[in-house]
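To start, the structure under review is shown below, and the notes come after it.
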Amino acid sequence: MRTFGVEEELLIVDPETGMLLALADLMLPGLVPPKLDDAQVLAGQQPVHDGGADFSYELKLEQIETQTRPCLDYQELLRQLRQARALADHAAREHGGRVAALATSPQGAATHLTPNQRYLTMQQRFGLTVRNQLTCGLHVHTFVESPEEGVAVMDRIRDKLAVLIALSANSPYWNGAETGFESYRTQAWNRWPGSGPTMIFGSLPVYRRLVTRLVESGVLMDEGMVYFDARLARLHPTVEVRVADVCLRAEDAALIAVIVRALVESASREWDDGVDPAPVPTLLLRMAAWQASNCGLRGELLDFGTFTPAPAADVVHALVDFVAPVLQEQGELELVREGVDRILAEGTGSQLQRGPFRSGGLAAVVEEAVEVTTRGGATGNPAQEVPLLGRVRRG
């Protein structure tokens, strides 16, 4: 079984008002412990936490990114996701905030750029796109044996990624407004010039040549701005699938990661067997992504075989059927079928947000999201509960 892991971007919010809080620079020092020297290790000292996760800044101080370590199975990944969320929430509580797994902010507020030279340059270059940018995604990394295998995998999963947008949809509200979309994050994110679905590359040299030309065009600042729906990770031997909203429920995030791993393995086997990628035009992939972003699981998606409308539940089940042989071998088929049926029955994060909104407005949406985000987590820290302090920074 291939190792896999995820990155989750979380919002930092005021638990009473639901407004954003720019606390990442205060939270990170407590989440990224200093390296222990040899003497401390020999003396038996332990890091601040051993949650199996890492943390980093994102573009804005109102969000924080968590990264799991490589995992082999759903249960270990879910444990790390819950632990990372709990640790991030623990750090936020120390400064009067909480974390919420929402892909866009329901409440409108000014945001604050993380004081990093690269981000400052991006703001000068991309203007309002950077000033408005505050989206939280779920990025799934799956191990590949070589970059050549990675490109072959990307060519063979591109036609199925829109289904993951619908399954993860968790952003119906944006800056105080009902958007009319289930995943408005997809719309906001795709304003970046290097984002979205890609063509069939056919080989690693073609992929590398395209990335080089994109950077040489001067539109993208560097290779880090190659925001394809699926790309070769620059720092890890993985394919990184980037289409999903951050999921309200940690178990949904782990489920989507399992599906992505099965897609990668299925695509690799097709490559080994000489099966060509489906020759779907990139424009059709954009139509499928837009439809998934708009309707989520509430209406129709574009079937990834015919690219004509079909009931969302049928398209999701067809995706599970497609990867079923791999899931069966890995002992994950029943888990995935039950997980998908649960999401179809209970609703995506986007659908779940609408209940609190009807009863209490946008503040209630955020309050409920905070509770669901940290459900099932434990910090592993002796100070399990940190009292909420006075708000140190608003807006």
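Letters A, B, ... go to the chains of the structure tokens in the order shown; residues in each chain start at 1; ligands are counted from 1 in the same order.
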Excluding Glu7 (chain A) and residues on its chain fewer than 3 positions from it, collect all residues at most 7 Å away from it, counting only C-alpha atoms, and give them as an mmCIF file with N, CA and C atoms, in the first residue's frame.
data_model
loop_
_atom_site.group_PDB
_atom_site.id
_atom_site.type_symbol
_atom_site.label_atom_id
_atom_site.label_comp_id
_atom_site.auth_asym_id
_atom_site.auth_seq_id
_atom_site.Cartn_x
_atom_site.Cartn_y
_atom_site.Cartn_z
ATOM 1 N N GLU A 65 -1.815 26.125 8.565
ATOM 2 C CA GLU A 65 -1.801 24.849 7.831
ATOM 3 C C GLU A 65 -1.266 23.741 8.721
ATOM 4 N N THR A 66 -1.927 22.597 8.669
ATOM 5 C CA THR A 66 -1.451 21.394 9.344
ATOM 6 C C THR A 66 -1.004 20.390 8.291
ATOM 7 N N GLN A 67 -0.008 19.594 8.646
ATOM 8 C CA GLN A 67 0.489 18.560 7.733
ATOM 9 C C GLN A 67 0.677 17.267 8.510
ATOM 10 N N THR A 68 0.020 16.207 8.053
ATOM 11 C CA THR A 68 0.236 14.907 8.686
ATOM 12 C C THR A 68 1.558 14.322 8.210
ATOM 13 N N LEU A 138 -7.905 21.117 1.144
ATOM 14 C CA LEU A 138 -7.390 19.824 1.587
ATOM 15 C C LEU A 138 -6.522 19.296 0.457
ATOM 16 N N HIS A 139 -5.229 19.134 0.714
ATOM 17 C CA HIS A 139 -4.295 18.650 -0.296
ATOM 18 C C HIS A 139 -3.842 17.251 0.089
ATOM 19 N N VAL A 140 -4.024 16.302 -0.802
ATOM 20 C CA VAL A 140 -3.707 14.902 -0.529
ATOM 21 C C VAL A 140 -2.434 14.519 -1.284
#
Who sits within 8 Å of Arg85 (chain A), only C-alpha atoms, same chain under 5 positions skipped, as a VMD selection string: chain A and resid 66 99 373 to 374 377
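Coordinates place CA of Ala250 (chain A) at a distance of 10.1 Å from CA of Gln83 (chain A).
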DSSP-assigned strand (DSSP E or B) members of region 146-392 of chain A, reported as an MDAnalysis selection string: chainID A and resid 171 173:174 177:178 183 196 228 230:232 238:245 300:302 309:311
Within 9 Å of Ala257 (chain A), counting only C-alpha atoms, which residues qualify if same-chain residues fewer than 3 places away don't, as an mmCIF file with N, CA and C atoms, in the first residue's frame?
data_model
loop_
_atom_site.group_PDB
_atom_site.id
_atom_site.type_symbol
_atom_site.label_atom_id
_atom_site.label_comp_id
_atom_site.auth_asym_id
_atom_site.auth_seq_id
_atom_site.Cartn_x
_atom_site.Cartn_y
_atom_site.Cartn_z
ATOM 1 N N PHE A 4 0.427 7.793 2.264
ATOM 2 C CA PHE A 4 -0.273 9.012 1.891
ATOM 3 C C PHE A 4 -0.388 9.911 3.112
ATOM 4 N N GLY A 5 -0.644 11.186 2.858
ATOM 5 C CA GLY A 5 -0.810 12.149 3.929
ATOM 6 C C GLY A 5 -1.534 13.356 3.390
ATOM 7 N N VAL A 6 -1.929 14.262 4.281
ATOM 8 C CA VAL A 6 -2.692 15.425 3.842
ATOM 9 C C VAL A 6 -2.181 16.699 4.501
ATOM 10 N N TYR A 74 -6.306 4.372 6.906
ATOM 11 C CA TYR A 74 -7.313 5.374 7.245
ATOM 12 C C TYR A 74 -7.264 5.740 8.717
ATOM 13 N N LEU A 77 -4.325 7.926 9.646
ATOM 14 C CA LEU A 77 -4.488 9.266 9.082
ATOM 15 C C LEU A 77 -5.543 10.041 9.864
ATOM 16 N N HIS A 139 -5.229 19.134 0.714
ATOM 17 C CA HIS A 139 -4.295 18.650 -0.296
ATOM 18 C C HIS A 139 -3.842 17.251 0.089
ATOM 19 N N VAL A 140 -4.024 16.302 -0.802
ATOM 20 C CA VAL A 140 -3.707 14.902 -0.529
ATOM 21 C C VAL A 140 -2.434 14.519 -1.284
ATOM 22 N N HIS A 141 -1.434 14.046 -0.542
ATOM 23 C CA HIS A 141 -0.184 13.578 -1.123
ATOM 24 C C HIS A 141 -0.165 12.051 -1.125
ATOM 25 N N THR A 142 0.134 11.460 -2.279
ATOM 26 C CA THR A 142 0.235 10.003 -2.393
ATOM 27 C C THR A 142 1.575 9.641 -3.006
ATOM 28 N N ASP A 252 -14.319 12.842 7.007
ATOM 29 C CA ASP A 252 -14.519 13.060 5.572
ATOM 30 C C ASP A 252 -13.185 13.310 4.874
ATOM 31 N N ALA A 253 -12.306 14.070 5.532
ATOM 32 C CA ALA A 253 -10.974 14.326 4.961
ATOM 33 C C ALA A 253 -10.201 13.028 4.791
ATOM 34 N N ALA A 254 -10.230 12.171 5.804
ATOM 35 C CA ALA A 254 -9.517 10.894 5.716
ATOM 36 C C ALA A 254 -10.122 10.013 4.632
ATOM 37 N N VAL A 260 -8.425 9.146 -2.996
ATOM 38 C CA VAL A 260 -7.340 9.656 -3.840
ATOM 39 C C VAL A 260 -6.245 8.613 -3.977
ATOM 40 N N ARG A 261 -5.871 7.976 -2.879
ATOM 41 C CA ARG A 261 -4.833 6.946 -2.975
ATOM 42 C C ARG A 261 -5.260 5.820 -3.915
ATOM 43 N N ALA A 262 -6.522 5.426 -3.833
ATOM 44 C CA ALA A 262 -7.016 4.371 -4.721
ATOM 45 C C ALA A 262 -7.005 4.827 -6.178
#
Distance of CA of Trp189 (chain A) from CA of Gln133 (chain A), expressed in Å to one decimal place: 7.7 Å
Shortest interatomic distance to Leu102 (chain A) - which of A:Gly349, A:Gly376, A:Gly296, A:Pro29, counting only C-alpha atoms: A:Gly349
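Considering only C-alpha atoms, the residue among A:Leu284, A:Ala101, A:Ala292, A:Leu204 positioned nearest to Ile165 (chain A) is A:Ala292.
Here the question is which of A:Ser183, A:Gln117, A:Thr238, A:Ser293 gets nearest to Gly150 (chain A) using only C-alpha atoms, and that residue is A:Thr238.
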Can you build me a table of region 211-293 of chain A residues sitting at most 8 Å from region 331-343 of chain A, with the closest atom pair per residue and its distance in Å to one decimal, using only C-alpha atoms, sorted by chain and residue number, as CSV?
residue,atom,partner,partner_atom,distance
A:Asp252,CA,A:Gly339,CA,7.5
A:Leu255,CA,A:Val336,CA,6.6
A:Val258,CA,A:Val336,CA,7.8
A:Ile259,CA,A:Val336,CA,7.5
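Across the structure, CA of Pro205 (chain A) and CA of Asp276 (chain A) are spaced 17.6 Å apart.
With only C-alpha atoms as the atoms that count, the minimum distance from Pro15 (chain A) to the choices A:Leu31, A:Val264, A:Ala288, A:Ala92 is reached by A:Ala92.
Using only C-alpha atoms, the contacts of Ser217 (chain A) at a cut-off of 12 Å, with sequence neighbours closer than 6 positions omitted, comprise Pro193, Gly194, Leu210, Val211 and Glu223 of chain A.
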